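Content type mmCIF, C-alpha atoms, from the file model-v1.cif:
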```cif
data_query
loop_
_atom_site.label_atom_id
_atom_site.label_comp_id
_atom_site.auth_asym_id
_atom_site.auth_seq_id
_atom_site.Cartn_x
_atom_site.Cartn_y
_atom_site.Cartn_z
CA CYS A 1213 -42.37 -65.90 -89.19
CA ILE A 1214 -39.56 -64.10 -87.29
CA LEU A 1215 -38.22 -67.42 -85.99
CA LYS A 1216 -38.52 -68.94 -89.42
CA ASP A 1217 -36.41 -66.15 -90.99
CA TYR A 1218 -33.92 -66.10 -88.14
CA TRP A 1219 -33.13 -69.81 -88.10
CA ASN A 1220 -33.65 -70.24 -91.86
CA ILE A 1221 -35.73 -73.36 -91.22
CA LYS A 1222 -38.58 -74.36 -93.55
CA ILE A 1223 -41.72 -74.68 -91.44
CA PRO A 1224 -45.24 -75.42 -92.80
CA MET A 1225 -46.73 -72.34 -91.10
CA ASN A 1226 -50.28 -72.78 -92.47
CA LYS A 1227 -50.69 -76.46 -91.68
CA PRO A 1228 -52.58 -76.93 -88.37
CA LYS A 1229 -51.28 -79.46 -85.90
CA LYS A 1230 -53.32 -82.65 -85.72
CA SER A 1231 -53.81 -82.21 -81.99
CA ARG A 1232 -55.34 -78.78 -82.50
CA VAL A 1233 -57.68 -80.10 -85.19
CA ARG A 1234 -58.68 -82.96 -82.93
CA ASP A 1235 -59.26 -80.60 -80.01
CA ALA A 1236 -61.40 -78.34 -82.21
CA SER A 1237 -63.49 -81.31 -83.36
CA ILE A 1238 -64.02 -82.44 -79.78
CA SER A 1239 -65.00 -78.95 -78.65
CA THR A 1240 -67.39 -78.54 -81.57
CA LEU A 1241 -69.06 -81.88 -80.89
CA THR A 1242 -69.29 -81.10 -77.17
CA LEU A 1243 -71.03 -77.80 -77.92
CA ILE A 1244 -73.44 -79.43 -80.38
CA ASN A 1245 -74.32 -82.13 -77.84
CA ALA A 1246 -74.86 -79.53 -75.12
CA ALA A 1247 -77.04 -77.44 -77.42
CA ASN A 1248 -78.99 -80.56 -78.37
CA GLU A 1249 -79.80 -81.26 -74.72
CA ILE A 1250 -80.77 -77.67 -73.96
CA MET A 1251 -82.95 -77.40 -77.05
CA ILE A 1252 -84.88 -80.48 -75.95
CA GLU A 1253 -85.25 -79.13 -72.42
CA GLY A 1254 -86.29 -75.68 -73.62
CA ASN A 1255 -88.41 -76.73 -76.60
CA GLY A 1256 -86.00 -75.14 -79.06
CA HIS A 1257 -84.83 -72.20 -76.95
CA ILE A 1258 -81.10 -71.88 -76.27
CA GLU A 1259 -78.64 -69.21 -75.15
CA MET A 1260 -74.97 -69.35 -76.10
CA ALA A 1261 -73.82 -68.71 -72.52
CA GLU A 1262 -75.89 -71.60 -71.21
CA VAL A 1263 -74.61 -73.94 -73.91
CA ALA A 1264 -71.02 -72.93 -73.15
CA ARG A 1265 -71.53 -73.63 -69.44
CA ARG A 1266 -73.05 -77.02 -70.18
CA ALA A 1267 -70.15 -77.86 -72.50
CA GLN A 1268 -67.64 -76.48 -69.97
CA VAL A 1269 -66.01 -74.14 -72.48
CA SER A 1270 -65.87 -70.37 -72.77
CA VAL A 1271 -68.72 -68.56 -74.48
CA GLY A 1272 -66.11 -66.97 -76.71
CA LEU A 1273 -65.15 -70.40 -78.00
CA ALA A 1274 -68.78 -71.14 -78.81
CA TYR A 1275 -69.01 -67.96 -80.88
CA HIS A 1276 -65.64 -68.75 -82.47
CA TYR A 1277 -66.88 -72.08 -83.81
CA PHE A 1278 -70.47 -71.20 -84.72
CA GLY A 1279 -70.52 -67.42 -85.13
CA SER A 1280 -73.95 -66.92 -83.61
CA LYS A 1281 -76.84 -68.67 -81.91
CA ALA A 1282 -78.39 -69.26 -85.32
CA GLY A 1283 -75.17 -70.92 -86.46
CA LEU A 1284 -75.24 -73.27 -83.48
CA ILE A 1285 -78.90 -74.14 -84.05
CA ALA A 1286 -78.07 -74.86 -87.68
CA ALA A 1287 -75.27 -77.20 -86.64
CA VAL A 1288 -77.62 -79.13 -84.33
CA VAL A 1289 -80.28 -79.44 -87.04
CA GLU A 1290 -77.71 -80.51 -89.64
CA ALA A 1291 -76.41 -83.19 -87.26
CA PHE A 1292 -79.98 -84.43 -86.73
CA TYR A 1293 -80.58 -84.80 -90.47
CA ASP A 1294 -77.13 -86.33 -91.06
CA LYS A 1295 -78.11 -89.08 -88.64
CA LEU A 1296 -81.58 -89.48 -90.19
CA ASP A 1297 -80.18 -89.77 -93.71
CA ALA A 1298 -77.40 -92.17 -92.74
CA GLU A 1299 -79.50 -94.47 -90.58
CA VAL A 1300 -82.80 -94.44 -92.49
CA LEU A 1301 -83.40 -92.51 -95.70
CA PHE A 1302 -80.09 -93.14 -97.47
CA SER A 1303 -79.26 -96.42 -95.76
CA VAL A 1304 -78.41 -99.47 -97.88
CA SER A 1305 -80.49 -102.60 -97.39
CA HIS A 1306 -79.72 -106.09 -98.67
CA GLU A 1307 -83.44 -106.88 -98.89
CA SER A 1308 -84.23 -107.56 -102.56
CA ASP A 1309 -88.01 -107.30 -102.30
CA TRP A 1310 -88.76 -103.63 -103.03
CA LEU A 1311 -91.99 -103.34 -101.03
CA LYS A 1312 -90.61 -105.24 -98.06
CA ARG A 1313 -87.49 -103.08 -98.04
CA GLU A 1314 -89.49 -99.88 -98.12
CA TRP A 1315 -91.81 -101.09 -95.38
CA GLU A 1316 -88.73 -101.63 -93.22
CA ARG A 1317 -87.53 -98.14 -94.09
CA THR A 1318 -90.91 -96.67 -93.13
CA LEU A 1319 -90.80 -98.53 -89.82
CA ASN A 1320 -87.24 -97.38 -89.13
CA LEU A 1321 -88.26 -93.81 -89.96
CA ALA A 1322 -91.07 -93.92 -87.40
CA ILE A 1323 -88.75 -95.44 -84.81
CA PHE A 1324 -86.14 -92.75 -85.47
CA TYR A 1325 -88.59 -89.89 -85.07
CA GLN A 1326 -90.27 -91.36 -82.00
CA SER A 1327 -87.04 -92.28 -80.21
CA ASN A 1328 -85.24 -88.97 -80.78
CA PRO A 1329 -86.60 -86.22 -78.48
CA LEU A 1330 -85.21 -83.55 -80.78
CA SER A 1331 -87.64 -84.63 -83.52
CA ALA A 1332 -90.60 -82.91 -81.88
CA VAL A 1333 -88.57 -79.72 -81.50
CA ILE A 1334 -87.28 -79.56 -85.08
CA LEU A 1335 -90.64 -80.50 -86.62
CA GLY A 1336 -92.52 -78.33 -84.12
CA SER A 1337 -91.31 -75.14 -82.49
CA LEU A 1338 -88.27 -74.66 -84.76
CA ARG A 1339 -89.83 -75.46 -88.11
CA ARG A 1340 -90.64 -71.81 -88.90
CA GLU A 1341 -87.17 -70.49 -88.03
CA SER A 1342 -85.59 -69.22 -91.23
CA ILE A 1343 -82.32 -71.08 -90.71
CA VAL A 1344 -84.21 -74.34 -90.13
CA VAL A 1345 -86.47 -73.75 -93.14
CA ASP A 1346 -83.41 -73.34 -95.38
CA ILE A 1347 -81.77 -76.50 -94.06
CA GLU A 1348 -84.94 -78.55 -94.37
CA GLN A 1349 -85.59 -77.35 -97.91
CA ALA A 1350 -82.13 -78.50 -98.97
CA ARG A 1351 -82.53 -81.82 -97.17
CA ILE A 1352 -86.00 -82.48 -98.58
CA THR A 1353 -84.75 -81.74 -102.10
CA ALA A 1354 -81.92 -84.27 -101.66
CA GLN A 1355 -84.30 -86.83 -100.16
CA ILE A 1356 -86.72 -86.48 -103.07
CA GLU A 1357 -83.87 -86.92 -105.53
CA GLU A 1358 -82.82 -90.13 -103.78
CA GLY A 1359 -86.45 -91.22 -103.52
CA THR A 1360 -86.92 -90.63 -107.24
CA ARG A 1361 -84.05 -92.98 -108.03
CA ASN A 1362 -85.52 -95.54 -105.66
CA PHE A 1363 -88.98 -95.36 -107.24
CA GLN A 1364 -87.43 -95.64 -110.69
CA LYS A 1365 -85.85 -98.93 -109.61
CA GLY A 1366 -89.24 -100.12 -108.39
CA GLN A 1367 -90.80 -99.19 -111.72
CA ARG A 1368 -88.11 -101.07 -113.65
CA GLN A 1369 -88.74 -104.10 -111.46
CA GLY A 1370 -92.43 -103.94 -112.28
CA VAL A 1371 -93.45 -103.36 -108.67
CA ILE A 1372 -94.38 -99.68 -108.80
CA ARG A 1373 -96.97 -98.12 -111.07
CA GLN A 1374 -95.55 -96.35 -114.09
CA ASP A 1375 -98.41 -94.03 -114.95
CA ILE A 1376 -97.10 -91.51 -112.38
CA ALA A 1377 -93.60 -90.03 -112.60
CA ALA A 1378 -91.13 -91.38 -110.06
CA HIS A 1379 -90.34 -87.84 -108.90
CA ASP A 1380 -94.01 -87.16 -108.20
CA LEU A 1381 -94.34 -90.41 -106.26
CA ALA A 1382 -91.25 -89.59 -104.19
CA ALA A 1383 -92.40 -86.05 -103.40
CA PHE A 1384 -95.90 -87.20 -102.48
CA VAL A 1385 -94.81 -90.10 -100.27
CA LEU A 1386 -91.97 -88.31 -98.49
CA GLY A 1387 -94.05 -85.18 -97.90
CA GLY A 1388 -97.04 -87.13 -96.66
CA VAL A 1389 -95.06 -89.37 -94.33
CA ARG A 1390 -93.16 -86.42 -92.93
CA GLU A 1391 -96.38 -84.57 -92.15
CA LEU A 1392 -97.87 -87.70 -90.56
CA MET A 1393 -94.81 -88.03 -88.32
CA ARG A 1394 -94.89 -84.33 -87.44
CA SER A 1395 -98.56 -84.48 -86.51
CA ALA A 1396 -97.98 -87.47 -84.24
CA LEU A 1397 -95.05 -85.76 -82.50
CA GLN A 1398 -97.15 -82.71 -81.66
CA GLN A 1399 -99.44 -84.82 -79.50
CA PRO A 1400 -98.75 -85.14 -75.76
CA GLN A 1401 -96.11 -87.74 -75.02
CA ASP A 1402 -98.56 -90.19 -73.42
CA GLN A 1403 -100.97 -89.92 -76.36
CA ARG A 1404 -98.56 -90.51 -79.22
CA PRO A 1405 -99.03 -93.69 -81.24
CA MET A 1406 -96.40 -96.38 -80.99
CA ALA A 1407 -93.78 -96.24 -83.74
CA GLU A 1408 -94.97 -99.49 -85.32
CA ASP A 1409 -98.61 -98.36 -85.31
CA LEU A 1410 -97.60 -95.06 -86.90
CA ALA A 1411 -95.57 -96.88 -89.55
CA LYS A 1412 -98.49 -99.20 -90.30
CA SER A 1413 -100.81 -96.22 -90.77
CA ALA A 1414 -98.31 -94.62 -93.15
CA TRP A 1415 -97.86 -97.85 -95.09
CA LYS A 1416 -101.62 -98.34 -95.52
CA LEU A 1417 -101.73 -94.91 -97.11
CA ILE A 1418 -98.60 -95.38 -99.22
CA VAL A 1419 -99.21 -98.76 -100.83
CA PRO A 1420 -102.49 -97.90 -102.62
CA CYS A 1421 -100.77 -94.86 -104.13
CA ILE A 1422 -97.69 -96.62 -105.46
CA SER A 1423 -98.45 -100.28 -106.04
CA LEU A 1424 -99.49 -101.75 -109.39
CA GLU A 1425 -102.08 -103.81 -107.55
CA TYR A 1426 -104.07 -100.65 -106.80
CA LYS A 1427 -103.64 -98.97 -110.17
#
```
Mind turning this structure into structure tokens?
Amino acid sequence: CILKDYWNIKIPMNKPKKSRVRDASISTLTLINAANEIMIEGNGHIEMAEVARRAQVSVGLAYHYFGSKAGLIAAVVEAFYDKLDAEVLFSVSHESDWLKREWERTLNLAIFYQSNPLSAVILGSLRRESIVVDIEQARITAQIEEGTRNFQKGQRQGVIRQDIAAHDLAAFVLGGVRELMRSALQQPQDQRPMAEDLAKSAWKLIVPCISLEYK
């Protein structure tokens, strides 16, 4: 501000430089990736100092971006669900057959959970952490809302039974499938079912509940 007054030059003082914004984004992502790795290794346990060392930044910078360990855990969990929603639950398919499309989604969901080591941590040791509970509640609510719209489309197409509200179908299916996935992930690694087998089990339970053929 002194230089601005002295030289009488108009300078956008509050606008951050693009390079600084880019550097901040890179540092944030690096910290989240480091925390992700450590959470997998420690079954959900992390320390800010260890994450900072892994990310090769100062621990002060970690606290600057996330505020606390809980804030960093929240960022990791949010990133996990961002990826899940984008790649599976909210993804757009060009398949016109409703049941076939949703079978593919169920299979992709099983593959996502089984292939991501963080799944077992978030659905296991971290699921009772208050910050994770809050995030999951918000995510589940959004997923049910999207699922409701999807089931309504199926009902309009005459594929899905109409004697049960679309919202109830979405809540029942999403909750049941999530619990099935969680249960499978809590088994020892060498005893977990293959993703396709898990998806088939889920689908055999889902179809009789939603299809007109089983009404």
Next on the checklist: Evaluate the PyMOL selection byres ((chain A and resi 1315) around 10) against this structure - the residues, as a PyMOL selection string, please.
Outcome noted: chain A and resi 1310-1314+1316-1321+1411-1412+1414-1415+1418-1419
Checklist entry - Hey, what comes out of the PyMOL selection byres ((chain A and resi 1337-1340) around 12) on this file? Could you write it as number ranges by chain? => result A: 1251-1252, 1254-1258, 1282, 1285-1286, 1288-1289, 1330-1336, 1341-1349, 1391, 1394, 1397-1398
Next on the checklist: Residue by residue, what does the PyMOL selection byres ((chain A and resi 1371) around 9) grab here? Present the result as a list in words.
Outcome noted: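 Expected selection for the PyMOL selection byres ((chain A and resi 1371) around 9) here is Trp1310, Leu1311, Lys1365, Gly1366, Gln1367, Arg1368, Gln1369, Gly1370, Ile1372, Arg1373, Ile1422, Ser1423, Leu1424 and Glu1425 of chain A.
Checking A:Leu1243, A:Ala1261, A:Ala1382, A:Ala1274 one by one against A:Cys1421, counting all atoms listed in the file, you find the shortest gap at A:Ala1382.
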Checklist entry - Between A:Gln1268, A:Ser1239, A:Gln1401, A:Ser1413, which one has atoms that come closest to A:Ser1327, using only C-alpha atoms? => result A:Gln1401
Checklist outcome for this item: Across A:Gln1326, A:Asn1248, A:Gln1355, A:Ser1308, the smallest distance to A:Ala1407, with only C-alpha atoms counted, is shown by A:Gln1326
Around stretch 1293-1310 of chain A, fit a box with edges along x, y and z, padding it by 8 Å on each side, then list its centre and edge lengths in Å to one decimal as JSON.
```
{"center_x": -82.9, "center_y": -96.2, "center_z": -95.8, "size_x": 27.6, "size_y": 38.8, "size_z": 30.4}
```
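Among the candidates A:Ser1305, A:Leu1410, A:Leu1381, A:Tyr1293, the one nearest to A:Ala1350 when counting all atoms listed in the file is A:Tyr1293.
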Checklist entry - Do you have the atom CA of A:Asp1380-atom CA of A:Ala1354 distance handy? => result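 Between these atoms lies a distance of 14.0 Å.
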Checklist entry - What does the distance from atom CA of A:Glu1358 to atom CA of A:Phe1302 come to in Å, to one decimal? => result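 Spanning atom CA of A:Glu1358 to atom CA of A:Phe1302 is a straight-line distance of 7.5 Å.
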Checklist entry - So how far away is atom CA of A:Arg1361 from atom CA of A:Leu1417, in Å? => result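 For atom CA of A:Leu1417 relative to atom CA of A:Arg1361, the distance reads 20.9 Å.
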